[in-house]
Amino acid sequence: MATPAGAPDRTGERVVSDALAAALRARAEPDGFVPYDAVLDAALYAPGAGYYRRSDSPFGPEGDFYTAPRVHPLFARALAARVASALRELPTGRRPTFVELGPGDGQLAEQLILALPEDTGARPLDYLLVDRAEERLAEAVRRTEPVARSRGIRLQSSTSLAGHGPVAGVVVANEVMDALPARRLRFDGTGWGELGIRLDGTTVVPSERSPSTDVPGRPLPSGVERGTIVELPVGAESLVREIADHLVAGVAVILDYGMDEGELVRAHPRGTLAAVAHHRAVDDPLSALGHADLSVFVNFDRLRDAARAGGLAVDHDRPQSEALDSWGLSSLFDAELRATVGAEAQVRLRLAVKNLLFGFARFRALELSPVGRARSTGAARTSG
């Protein structure tokens with residue numbers, strides 16, 4: 001994988017490119033402090049400087065990380081079964097829309113379109129790709145457009161869901177919420193401080209100060225040890241509210257890794273901020289700003305709170321493996337195994353499905369639907 005233009009040459013030092021330094025300064029508060037949510041926003045999404053704005057793809061063997069669709073197409077086929085079920089249950093008279101948030105390079109979209117059965121309800125179907133990184137969006141459109149055309153699906157794209165009208169259909173976000181800006185607060189024994197950085201030229205200097213904004217919603221954890229870090233998913237909460245504003249009928253399916261807030265504090269008292277490059281963890285995320293994938297575990301307590309506050313019901317909140325099973329992964333696997341010729345190919349298939357079920361053990365599937373409006377839940381409601 002090629003290093004993005006402008007990336008620092010001094011590997012391991014907390015130095016950023018001139019373009020990223022400018023983006024960070026533009027997000028700094030008047031005293032020069034840049035809170036972590038602004039740091040992550042710039043490092044991941046700033047035009048000409050952010051990790052996801054690079055020209056080459058960060059996905060797959062030549063990139064930095066894999067997602068579930070790359071393990072095996074059975075992931076997309078199971079998800080497509082859930083999507084098809086929701087589309088069939090939509091009220092008549094509405095043009096159905098399938099929204100994919102953060103489509104990456106379009107691999108999941110391509111697989112989903114191929115896997116959707118013909119009887120998914122009214123035609124034509126719109127498929128809307130949404131990604132704030134224009135480079136990734138263009139890549140997804142190039143890959144997906146031919147297969148969408150072949151299936152009679154109208155492909156659309158946008159850098160924001162906010163610019164789209166009401167959505168009757170399905171919204172899918174696979175491994176998106178973990179890569180959105182998050183605040184990081186640290187308990188000093190008496191109160192909470194805001195973590196962030198300051199810049200000395202193009203050198204990043206870790207910093208901490210009193211929070212300049214309150215923490216809305218649920219109170220911060222009590223009884224925690226000195227040094228405990230809590231990460232607040234402000235970007236993910238904002239995206240969930242955006243979904244709530246637009247989804248008038250159907251279901252939203254969020255797939256990502258994370259825990260409830262209490263579990264996060266107990267299991268990861270120093271926080272979960274991580275950086276990955278070339279499929280390996282980077283010891284110091286601040287040494288990799290702009291040229292490595294950055295993420296935090298999703299705080300599902302606050303995500304559910306945001307959904308409910310926006311008028312969405314939590315229909316299902318369960319491990320991703322359970323969701324895949326309920327969407328028919330087992331029967332899809334059996335059919336695929338019967339069609340697979342050769343012992344070696346069958347072993348590869350078994351290993352891939354095992355990876356989907358157990359290699360994503362920390363992943364959860366959250367299904368949301370509009371309260372008081374037409375809903376498609378697929379099964380009995382379970383709330384977290």
# chains A, B, ... in the order shown; residues from 1 in each chain; ligands from 1
>>> select_by_dssp(residues="range 35-189 of chain A", states="alpha helix (DSSP H)", output="PyMOL selection string")
chain A and resi 36-45+68-71+74-88+107-115+134-150
>>> write_last_selection(atoms="C-alpha atoms", output="compact mmCIF listing (two decimals), in the first residue's frame")
# COMPACT_ATOMS: atom_id res chain seq x y z
CA TYR A 36 -10.42 14.32 20.26
CA ASP A 37 -13.66 14.39 18.30
CA ALA A 38 -12.19 17.21 16.20
CA VAL A 39 -8.85 15.37 15.95
CA LEU A 40 -10.57 12.25 14.61
CA ASP A 41 -12.76 14.27 12.27
CA ALA A 42 -9.72 15.92 10.69
CA ALA A 43 -7.49 12.83 10.68
CA LEU A 44 -10.15 10.70 8.98
CA TYR A 45 -12.19 13.08 6.82
CA ALA A 68 -17.05 -8.88 6.98
CA PRO A 69 -18.06 -8.74 3.28
CA ARG A 70 -14.49 -9.66 2.38
CA VAL A 71 -14.62 -12.81 4.48
CA LEU A 74 -22.58 -15.27 2.62
CA PHE A 75 -22.47 -12.27 4.96
CA ALA A 76 -24.11 -10.11 2.31
CA ARG A 77 -26.58 -12.82 1.36
CA ALA A 78 -27.81 -13.15 4.95
CA LEU A 79 -28.07 -9.37 5.28
CA ALA A 80 -29.87 -9.22 1.92
CA ALA A 81 -32.48 -11.63 3.28
CA ARG A 82 -33.17 -9.22 6.14
CA VAL A 83 -33.31 -6.29 3.73
CA ALA A 84 -35.70 -8.13 1.43
CA SER A 85 -37.99 -8.97 4.35
CA ALA A 86 -38.17 -5.30 5.34
CA LEU A 87 -38.79 -4.14 1.78
CA ARG A 88 -41.67 -6.59 1.35
CA GLN A 107 -18.00 -4.46 -2.26
CA LEU A 108 -20.91 -4.90 0.17
CA ALA A 109 -23.25 -2.92 -2.10
CA GLU A 110 -22.29 -5.05 -5.08
CA GLN A 111 -22.88 -8.27 -3.14
CA LEU A 112 -26.18 -7.05 -1.67
CA ILE A 113 -27.59 -6.04 -5.03
CA LEU A 114 -26.70 -9.43 -6.51
CA ALA A 115 -28.20 -11.22 -3.51
CA GLU A 134 -15.99 11.84 -1.92
CA GLU A 135 -13.07 9.65 -2.96
CA ARG A 136 -14.59 6.56 -1.35
CA LEU A 137 -18.04 7.44 -2.68
CA ALA A 138 -16.76 7.67 -6.25
CA GLU A 139 -15.01 4.31 -5.83
CA ALA A 140 -18.22 2.69 -4.56
CA VAL A 141 -20.28 4.14 -7.41
CA ARG A 142 -17.84 2.90 -10.06
CA ARG A 143 -17.99 -0.62 -8.66
CA THR A 144 -21.72 -0.75 -8.02
CA GLU A 145 -23.25 1.04 -10.99
CA PRO A 146 -22.93 -1.81 -13.56
CA VAL A 147 -24.54 -4.43 -11.31
CA ALA A 148 -27.28 -2.01 -10.20
CA ARG A 149 -28.10 -1.25 -13.83
CA SER A 150 -28.24 -4.96 -14.64
>>> residues_around(residues="range 167-177 of chain A", least_positions_apart="4", cutoff="7 Å", atoms="only C-alpha atoms", output="MDAnalysis selection string")
chainID A and resid 83 86:87 90 94 96:102 236 246:256 298
>>> write_last_selection(atoms="N, CA, C and O atoms", output="short mmCIF file (atom, residue, chain, number, x, y, z; two decimals), in the first residue's frame")
data_model
loop_
_atom_site.label_atom_id
_atom_site.label_comp_id
_atom_site.auth_asym_id
_atom_site.auth_seq_id
_atom_site.Cartn_x
_atom_site.Cartn_y
_atom_site.Cartn_z
N VAL A 83 -32.89 -7.45 4.50
CA VAL A 83 -33.31 -6.29 3.73
C VAL A 83 -34.56 -6.61 2.92
O VAL A 83 -35.52 -5.83 2.90
N ALA A 86 -37.71 -6.65 4.99
CA ALA A 86 -38.17 -5.30 5.34
C ALA A 86 -38.82 -4.61 4.14
O ALA A 86 -39.83 -3.92 4.28
N LEU A 87 -38.24 -4.78 2.96
CA LEU A 87 -38.79 -4.14 1.78
C LEU A 87 -40.17 -4.69 1.44
O LEU A 87 -41.06 -3.95 1.02
N LEU A 90 -43.02 -3.02 3.48
CA LEU A 90 -43.26 -1.58 3.37
C LEU A 90 -44.70 -1.30 2.94
O LEU A 90 -45.29 -2.07 2.18
N ARG A 94 -45.27 3.88 -1.70
CA ARG A 94 -43.99 4.56 -1.52
C ARG A 94 -42.92 3.90 -2.38
O ARG A 94 -42.88 2.67 -2.49
N PRO A 96 -39.54 2.42 -2.68
CA PRO A 96 -38.59 1.93 -1.67
C PRO A 96 -37.17 2.40 -1.94
O PRO A 96 -36.73 2.50 -3.09
N THR A 97 -36.47 2.68 -0.86
CA THR A 97 -35.08 3.13 -0.94
C THR A 97 -34.23 2.28 -0.01
O THR A 97 -34.60 2.04 1.14
N PHE A 98 -33.12 1.85 -0.52
CA PHE A 98 -32.12 1.12 0.27
C PHE A 98 -30.93 2.04 0.42
O PHE A 98 -30.29 2.41 -0.56
N VAL A 99 -30.64 2.45 1.66
CA VAL A 99 -29.55 3.37 1.93
C VAL A 99 -28.39 2.61 2.57
O VAL A 99 -28.59 1.90 3.56
N GLU A 100 -27.21 2.75 2.01
CA GLU A 100 -26.02 2.19 2.65
C GLU A 100 -25.12 3.35 3.08
O GLU A 100 -24.66 4.13 2.24
N LEU A 101 -24.88 3.45 4.37
CA LEU A 101 -24.01 4.48 4.92
C LEU A 101 -22.58 3.96 4.98
O LEU A 101 -22.33 2.86 5.46
N GLY A 102 -21.64 4.75 4.48
CA GLY A 102 -20.24 4.34 4.50
C GLY A 102 -19.98 3.10 3.68
O GLY A 102 -19.53 2.08 4.22
N ALA A 236 -21.33 9.16 16.00
CA ALA A 236 -22.30 8.08 15.81
C ALA A 236 -23.69 8.50 16.28
O ALA A 236 -24.69 8.20 15.64
N HIS A 246 -34.96 10.90 8.97
CA HIS A 246 -35.31 10.57 7.59
C HIS A 246 -36.09 9.28 7.41
O HIS A 246 -36.84 9.15 6.44
N LEU A 247 -35.92 8.32 8.30
CA LEU A 247 -36.56 7.02 8.12
C LEU A 247 -38.02 7.10 8.55
O LEU A 247 -38.32 7.21 9.74
N VAL A 248 -38.93 7.04 7.60
CA VAL A 248 -40.36 7.15 7.91
C VAL A 248 -41.05 5.79 7.92
O VAL A 248 -42.15 5.64 8.46
N ALA A 249 -40.43 4.80 7.30
CA ALA A 249 -40.99 3.45 7.29
C ALA A 249 -39.86 2.48 6.98
O ALA A 249 -38.98 2.77 6.18
N GLY A 250 -39.89 1.31 7.63
CA GLY A 250 -38.86 0.31 7.38
C GLY A 250 -37.99 0.07 8.59
O GLY A 250 -38.45 0.12 9.73
N VAL A 251 -36.71 -0.13 8.35
CA VAL A 251 -35.80 -0.52 9.43
C VAL A 251 -34.40 0.01 9.14
O VAL A 251 -33.99 0.15 7.97
N ALA A 252 -33.66 0.32 10.21
CA ALA A 252 -32.23 0.64 10.12
C ALA A 252 -31.46 -0.48 10.80
O ALA A 252 -31.82 -0.90 11.91
N VAL A 253 -30.43 -0.97 10.14
CA VAL A 253 -29.60 -2.06 10.67
C VAL A 253 -28.18 -1.53 10.85
O VAL A 253 -27.53 -1.15 9.87
N ILE A 254 -27.73 -1.51 12.09
CA ILE A 254 -26.38 -1.03 12.42
C ILE A 254 -25.55 -2.21 12.88
O ILE A 254 -25.91 -2.90 13.84
N LEU A 255 -24.44 -2.46 12.21
CA LEU A 255 -23.55 -3.57 12.52
C LEU A 255 -22.18 -3.00 12.87
O LEU A 255 -21.56 -2.31 12.06
N ASP A 256 -21.72 -3.27 14.09
CA ASP A 256 -20.44 -2.71 14.50
C ASP A 256 -19.98 -3.37 15.79
O ASP A 256 -20.75 -4.09 16.43
N VAL A 298 -17.81 1.13 19.79
CA VAL A 298 -19.08 1.83 19.86
C VAL A 298 -19.68 1.69 21.25
O VAL A 298 -19.75 0.60 21.81
#
>>> residues_around(residues="Gly311 in chain A", least_positions_apart="5", cutoff="10 Å", atoms="only C-alpha atoms", output="PDB file with N, CA, C and O atoms, in the first residue's frame")
ATOM      1  N   ARG A 241     -29.256  10.162  14.882  1.00  0.00           N
ATOM      2  CA  ARG A 241     -30.310  11.179  14.845  1.00  0.00           C
ATOM      3  C   ARG A 241     -30.689  11.532  13.403  1.00  0.00           C
ATOM      4  O   ARG A 241     -31.861  11.793  13.092  1.00  0.00           O
ATOM      5  N   ALA A 244     -32.924   8.868  12.194  1.00  0.00           N
ATOM      6  CA  ALA A 244     -34.249   9.055  12.780  1.00  0.00           C
ATOM      7  C   ALA A 244     -35.027  10.163  12.069  1.00  0.00           C
ATOM      8  O   ALA A 244     -36.255  10.073  11.908  1.00  0.00           O
ATOM      9  N   ASP A 245     -34.347  11.212  11.639  1.00  0.00           N
ATOM     10  CA  ASP A 245     -35.009  12.323  10.961  1.00  0.00           C
ATOM     11  C   ASP A 245     -35.562  11.920   9.592  1.00  0.00           C
ATOM     12  O   ASP A 245     -36.505  12.553   9.100  1.00  0.00           O
ATOM     13  N   LEU A 247     -35.916   8.322   8.303  1.00  0.00           N
ATOM     14  CA  LEU A 247     -36.556   7.020   8.117  1.00  0.00           C
ATOM     15  C   LEU A 247     -38.020   7.099   8.555  1.00  0.00           C
ATOM     16  O   LEU A 247     -38.320   7.209   9.744  1.00  0.00           O
ATOM     17  N   ALA A 306     -29.666   7.733  21.779  1.00  0.00           N
ATOM     18  CA  ALA A 306     -29.848   8.663  20.669  1.00  0.00           C
ATOM     19  C   ALA A 306     -30.982   8.203  19.762  1.00  0.00           C
ATOM     20  O   ALA A 306     -31.775   9.023  19.268  1.00  0.00           O
ATOM     21  N   LEU A 368     -33.391  -0.823  14.272  1.00  0.00           N
ATOM     22  CA  LEU A 368     -34.197   0.294  14.726  1.00  0.00           C
ATOM     23  C   LEU A 368     -35.330   0.549  13.739  1.00  0.00           C
ATOM     24  O   LEU A 368     -35.155   0.365  12.527  1.00  0.00           O
ATOM     25  N   SER A 369     -36.466   0.995  14.251  1.00  0.00           N
ATOM     26  CA  SER A 369     -37.578   1.338  13.368  1.00  0.00           C
ATOM     27  C   SER A 369     -38.319   2.541  13.921  1.00  0.00           C
ATOM     28  O   SER A 369     -38.269   2.827  15.115  1.00  0.00           O
ATOM     29  N   PRO A 370     -39.011   3.271  13.052  1.00  0.00           N
ATOM     30  CA  PRO A 370     -39.702   4.487  13.480  1.00  0.00           C
ATOM     31  C   PRO A 370     -40.871   4.174  14.417  1.00  0.00           C
ATOM     32  O   PRO A 370     -41.710   3.324  14.117  1.00  0.00           O
ATOM     33  N   VAL A 371     -40.941   4.857  15.525  1.00  0.00           N
ATOM     34  CA  VAL A 371     -42.037   4.699  16.475  1.00  0.00           C
ATOM     35  C   VAL A 371     -43.264   5.419  15.942  1.00  0.00           C
ATOM     36  O   VAL A 371     -43.172   6.566  15.490  1.00  0.00           O
ATOM     37  N   GLY A 372     -44.417   4.735  15.984  1.00  0.00           N
ATOM     38  CA  GLY A 372     -45.653   5.369  15.566  1.00  0.00           C
ATOM     39  C   GLY A 372     -45.801   5.495  14.072  1.00  0.00           C
ATOM     40  O   GLY A 372     -46.745   6.103  13.578  1.00  0.00           O
ATOM     41  N   ARG A 373     -44.836   4.923  13.324  1.00  0.00           N
ATOM     42  CA  ARG A 373     -44.940   4.907  11.879  1.00  0.00           C
ATOM     43  C   ARG A 373     -44.812   3.474  11.420  1.00  0.00           C
ATOM     44  O   ARG A 373     -44.570   2.570  12.206  1.00  0.00           O
TER      45      ARG A 373
END
>>> closest_residue(among="A:Lys354, A:Leu220, A:Leu286, A:Ala21", to="Gly196 in chain A", atoms="only C-alpha atoms")
A:Leu286
>>> residues_around(residues="Ser222 in chain A", least_positions_apart="6", cutoff="12 Å", atoms="only C-alpha atoms", output="number ranges by chain")
A: 187, 189-192, 228, 230, 261-262, 265
>>> select_by_dssp(residues="range 183-381 of chain A", states="strand (DSSP E or B)", output="number ranges by chain")
A: 183-187, 192-200, 203-209, 229-232, 247-259, 274-277, 280-282, 293-295, 298-299, 312-319, 363-370, 375
>>> atom_distance(atom1="CA of Asp56 in chain A", atom2="CA of His291 in chain A")
11.5 Å
>>> closest_residue(among="A:Asp31, A:Glu13, A:Arg53, A:Asn299", to="Val282 in chain A", atoms="only C-alpha atoms")
A:Glu13
>>> residues_around(residues="Arg318 in chain A", least_positions_apart="2", cutoff="7 Å", atoms="only C-alpha atoms", output="list of chain:residue names")
A:His316, A:Gln320, A:Glu322, A:Ala323, A:Arg364, A:Ala365, A:Leu366
>>> write_last_selection(atoms="all heavy atoms", output="short mmCIF file (atom, residue, chain, number, x, y, z; two decimals), in the first residue's frame")
data_model
loop_
_atom_site.label_atom_id
_atom_site.label_comp_id
_atom_site.auth_asym_id
_atom_site.auth_seq_id
_atom_site.Cartn_x
_atom_site.Cartn_y
_atom_site.Cartn_z
N HIS A 316 -34.23 -4.90 17.91
CA HIS A 316 -33.29 -5.98 18.21
C HIS A 316 -31.94 -5.38 18.58
O HIS A 316 -31.50 -4.41 17.96
CB HIS A 316 -33.09 -6.92 17.01
CG HIS A 316 -34.31 -7.69 16.63
ND1 HIS A 316 -34.78 -8.76 17.35
CD2 HIS A 316 -35.16 -7.54 15.59
CE1 HIS A 316 -35.87 -9.24 16.77
NE2 HIS A 316 -36.12 -8.50 15.72
N GLN A 320 -23.87 -10.02 16.55
CA GLN A 320 -24.00 -10.12 15.10
C GLN A 320 -24.19 -11.56 14.65
O GLN A 320 -24.94 -11.84 13.71
CB GLN A 320 -22.77 -9.50 14.43
CG GLN A 320 -22.80 -9.54 12.90
CD GLN A 320 -21.67 -8.76 12.28
OE1 GLN A 320 -21.66 -7.54 12.31
NE2 GLN A 320 -20.70 -9.46 11.72
N GLU A 322 -25.78 -13.93 16.16
CA GLU A 322 -27.18 -14.31 16.35
C GLU A 322 -28.05 -13.70 15.26
O GLU A 322 -29.00 -14.34 14.76
CB GLU A 322 -27.67 -13.86 17.73
CG GLU A 322 -27.08 -14.66 18.88
CD GLU A 322 -27.67 -14.23 20.21
OE1 GLU A 322 -28.71 -13.53 20.21
OE2 GLU A 322 -27.10 -14.61 21.25
N ALA A 323 -27.77 -12.46 14.91
CA ALA A 323 -28.54 -11.81 13.85
C ALA A 323 -28.36 -12.54 12.53
O ALA A 323 -29.34 -12.82 11.82
CB ALA A 323 -28.12 -10.35 13.72
N ARG A 364 -22.05 -6.28 17.27
CA ARG A 364 -23.46 -6.35 17.60
C ARG A 364 -24.28 -5.90 16.39
O ARG A 364 -23.78 -5.18 15.51
CB ARG A 364 -23.79 -5.46 18.80
CG ARG A 364 -23.06 -5.87 20.07
CD ARG A 364 -23.65 -5.22 21.30
NE ARG A 364 -25.01 -5.67 21.56
CZ ARG A 364 -25.31 -6.84 22.14
NH1 ARG A 364 -24.35 -7.68 22.48
NH2 ARG A 364 -26.57 -7.18 22.35
N ALA A 365 -25.54 -6.34 16.38
CA ALA A 365 -26.49 -5.93 15.35
C ALA A 365 -27.64 -5.21 16.03
O ALA A 365 -28.35 -5.80 16.85
CB ALA A 365 -27.00 -7.15 14.58
N LEU A 366 -27.80 -3.96 15.69
CA LEU A 366 -28.85 -3.12 16.26
C LEU A 366 -29.86 -2.82 15.17
O LEU A 366 -29.51 -2.29 14.11
CB LEU A 366 -28.22 -1.83 16.79
CG LEU A 366 -29.04 -0.89 17.66
CD1 LEU A 366 -29.44 -1.58 18.97
CD2 LEU A 366 -28.24 0.37 17.97
#
>>> atom_distance(atom1="CA of Leu128 in chain A", atom2="CA of Ile243 in chain A")
13.2 Å
>>> closest_residue(among="A:Val130, A:Leu303, A:Ala19, A:Val204", to="Ser287 in chain A", atoms="only C-alpha atoms")
A:Val204
>>> atom_distance(atom1="CA of Ala313 in chain A", atom2="CA of Glu367 in chain A")
8.4 Å
>>> closest_residue(among="A:His164, A:Arg14, A:Arg308, A:Arg151", to="Thr203 in chain A", atoms="only C-alpha atoms")
A:Arg14
>>> residues_around(residues="Gly290 in chain A", least_positions_apart="2", cutoff="9 Å", atoms="only C-alpha atoms", output="NGL selection string")
:A and (4 or 7 or 16-17 or 20 or 42-46 or 49-52 or 288 or 292-294)
>>> write_last_selection(atoms="all heavy atoms", output="compact mmCIF listing (two decimals), in the first residue's frame")
# COMPACT_ATOMS: atom_id res chain seq x y z
N PRO A 4 -0.06 7.74 1.73
CA PRO A 4 -0.71 8.91 1.14
C PRO A 4 0.24 10.09 1.03
O PRO A 4 1.13 10.28 1.85
CB PRO A 4 -1.84 9.22 2.13
CG PRO A 4 -2.05 7.95 2.89
CD PRO A 4 -0.71 7.28 2.94
N ALA A 7 2.10 12.37 3.94
CA ALA A 7 2.26 11.68 5.21
C ALA A 7 3.66 11.89 5.74
O ALA A 7 4.62 12.01 4.97
CB ALA A 7 1.99 10.18 5.04
N VAL A 16 2.49 15.45 11.80
CA VAL A 16 1.47 15.34 10.77
C VAL A 16 1.86 16.16 9.56
O VAL A 16 2.77 17.00 9.62
CB VAL A 16 0.10 15.82 11.31
CG1 VAL A 16 -0.38 14.93 12.44
CG2 VAL A 16 0.14 17.28 11.75
N SER A 17 1.17 15.92 8.45
CA SER A 17 1.45 16.68 7.24
C SER A 17 1.02 18.14 7.42
O SER A 17 0.22 18.48 8.31
CB SER A 17 0.69 16.06 6.06
OG SER A 17 -0.71 16.21 6.25
N LEU A 20 -2.77 18.35 7.11
CA LEU A 20 -3.53 17.91 8.27
C LEU A 20 -3.35 18.90 9.43
O LEU A 20 -4.30 19.16 10.18
CB LEU A 20 -3.09 16.51 8.70
CG LEU A 20 -3.85 15.90 9.88
CD1 LEU A 20 -5.36 15.97 9.68
CD2 LEU A 20 -3.41 14.46 10.12
N ALA A 42 -10.73 15.44 11.64
CA ALA A 42 -9.72 15.92 10.69
C ALA A 42 -8.87 14.76 10.17
O ALA A 42 -8.62 14.66 8.96
CB ALA A 42 -8.83 16.97 11.36
N ALA A 43 -8.41 13.90 11.07
CA ALA A 43 -7.49 12.83 10.68
C ALA A 43 -8.14 11.82 9.74
O ALA A 43 -7.46 11.18 8.94
CB ALA A 43 -6.97 12.12 11.92
N LEU A 44 -9.46 11.68 9.82
CA LEU A 44 -10.15 10.70 8.98
C LEU A 44 -10.80 11.34 7.75
O LEU A 44 -10.82 10.72 6.68
CB LEU A 44 -11.22 9.97 9.79
CG LEU A 44 -10.71 9.06 10.91
CD1 LEU A 44 -11.87 8.53 11.74
CD2 LEU A 44 -9.90 7.90 10.35
N TYR A 45 -11.31 12.56 7.87
CA TYR A 45 -12.19 13.08 6.82
C TYR A 45 -11.81 14.43 6.23
O TYR A 45 -12.49 14.88 5.30
CB TYR A 45 -13.62 13.17 7.38
CG TYR A 45 -14.17 11.83 7.79
CD1 TYR A 45 -14.29 11.48 9.14
CD2 TYR A 45 -14.56 10.89 6.84
CE1 TYR A 45 -14.79 10.24 9.53
CE2 TYR A 45 -15.06 9.64 7.22
CZ TYR A 45 -15.17 9.33 8.57
OH TYR A 45 -15.66 8.11 8.94
N ALA A 46 -10.77 15.09 6.71
CA ALA A 46 -10.43 16.39 6.15
C ALA A 46 -10.02 16.26 4.68
O ALA A 46 -9.17 15.43 4.35
CB ALA A 46 -9.28 17.03 6.95
N ALA A 49 -6.33 15.60 3.33
CA ALA A 49 -5.48 15.25 4.46
C ALA A 49 -5.96 14.03 5.22
O ALA A 49 -5.17 13.31 5.82
CB ALA A 49 -5.37 16.43 5.42
N GLY A 50 -7.26 13.76 5.24
CA GLY A 50 -7.82 12.68 6.04
C GLY A 50 -7.56 11.30 5.45
O GLY A 50 -7.42 11.14 4.23
N TYR A 51 -7.54 10.33 6.32
CA TYR A 51 -7.25 8.95 5.93
C TYR A 51 -8.22 8.44 4.87
O TYR A 51 -7.81 7.78 3.90
CB TYR A 51 -7.31 8.07 7.17
CG TYR A 51 -7.20 6.59 6.90
CD1 TYR A 51 -5.97 6.01 6.62
CD2 TYR A 51 -8.32 5.77 6.94
CE1 TYR A 51 -5.86 4.65 6.38
CE2 TYR A 51 -8.22 4.41 6.71
CZ TYR A 51 -6.99 3.85 6.43
OH TYR A 51 -6.89 2.50 6.19
N TYR A 52 -9.50 8.71 5.03
CA TYR A 52 -10.49 8.21 4.07
C TYR A 52 -10.58 9.06 2.81
O TYR A 52 -11.33 8.71 1.88
CB TYR A 52 -11.87 8.12 4.73
CG TYR A 52 -11.99 6.96 5.67
CD1 TYR A 52 -12.14 7.16 7.04
CD2 TYR A 52 -11.93 5.65 5.21
CE1 TYR A 52 -12.25 6.09 7.92
CE2 TYR A 52 -12.03 4.57 6.08
CZ TYR A 52 -12.19 4.81 7.43
OH TYR A 52 -12.28 3.75 8.30
N ALA A 288 0.10 8.30 13.96
CA ALA A 288 -0.41 7.78 12.69
C ALA A 288 -1.54 8.63 12.12
O ALA A 288 -2.25 8.18 11.22
CB ALA A 288 -0.89 6.34 12.89
N ALA A 292 -3.42 6.20 8.94
CA ALA A 292 -3.84 4.91 9.50
C ALA A 292 -5.32 5.00 9.84
O ALA A 292 -5.86 6.09 10.07
CB ALA A 292 -3.03 4.56 10.75
N ASP A 293 -5.98 3.86 9.84
CA ASP A 293 -7.38 3.82 10.24
C ASP A 293 -7.48 4.03 11.75
O ASP A 293 -6.76 3.40 12.52
CB ASP A 293 -7.99 2.47 9.87
CG ASP A 293 -9.45 2.36 10.26
OD1 ASP A 293 -10.20 3.30 9.96
OD2 ASP A 293 -9.82 1.35 10.88
N LEU A 294 -8.35 4.92 12.18
CA LEU A 294 -8.56 5.20 13.59
C LEU A 294 -9.99 4.82 13.95
O LEU A 294 -10.92 5.07 13.18
CB LEU A 294 -8.35 6.69 13.89
CG LEU A 294 -6.96 7.25 13.60
CD1 LEU A 294 -6.99 8.77 13.72
CD2 LEU A 294 -5.93 6.67 14.55
>>> residues_around(residues="Ala361 in chain A", least_positions_apart="4", cutoff="9 Å", atoms="only C-alpha atoms", output="list of chain:residue names")
A:Tyr257, A:Pro319, A:Gln320, A:Ser321, A:Leu356, A:Leu357
>>> write_last_selection(atoms="C-alpha atoms", output="mmCIF file, in the first residue's frame")
data_model
loop_
_atom_site.group_PDB
_atom_site.id
_atom_site.type_symbol
_atom_site.label_atom_id
_atom_site.label_comp_id
_atom_site.auth_asym_id
_atom_site.auth_seq_id
_atom_site.Cartn_x
_atom_site.Cartn_y
_atom_site.Cartn_z
ATOM 1 C CA TYR A 257 -18.195 -3.694 17.375
ATOM 2 C CA PRO A 319 -24.597 -10.288 18.831
ATOM 3 C CA GLN A 320 -24.001 -10.118 15.103
ATOM 4 C CA SER A 321 -23.650 -13.902 14.948
ATOM 5 C CA LEU A 356 -18.086 -14.750 10.318
ATOM 6 C CA LEU A 357 -19.607 -16.325 13.431
#
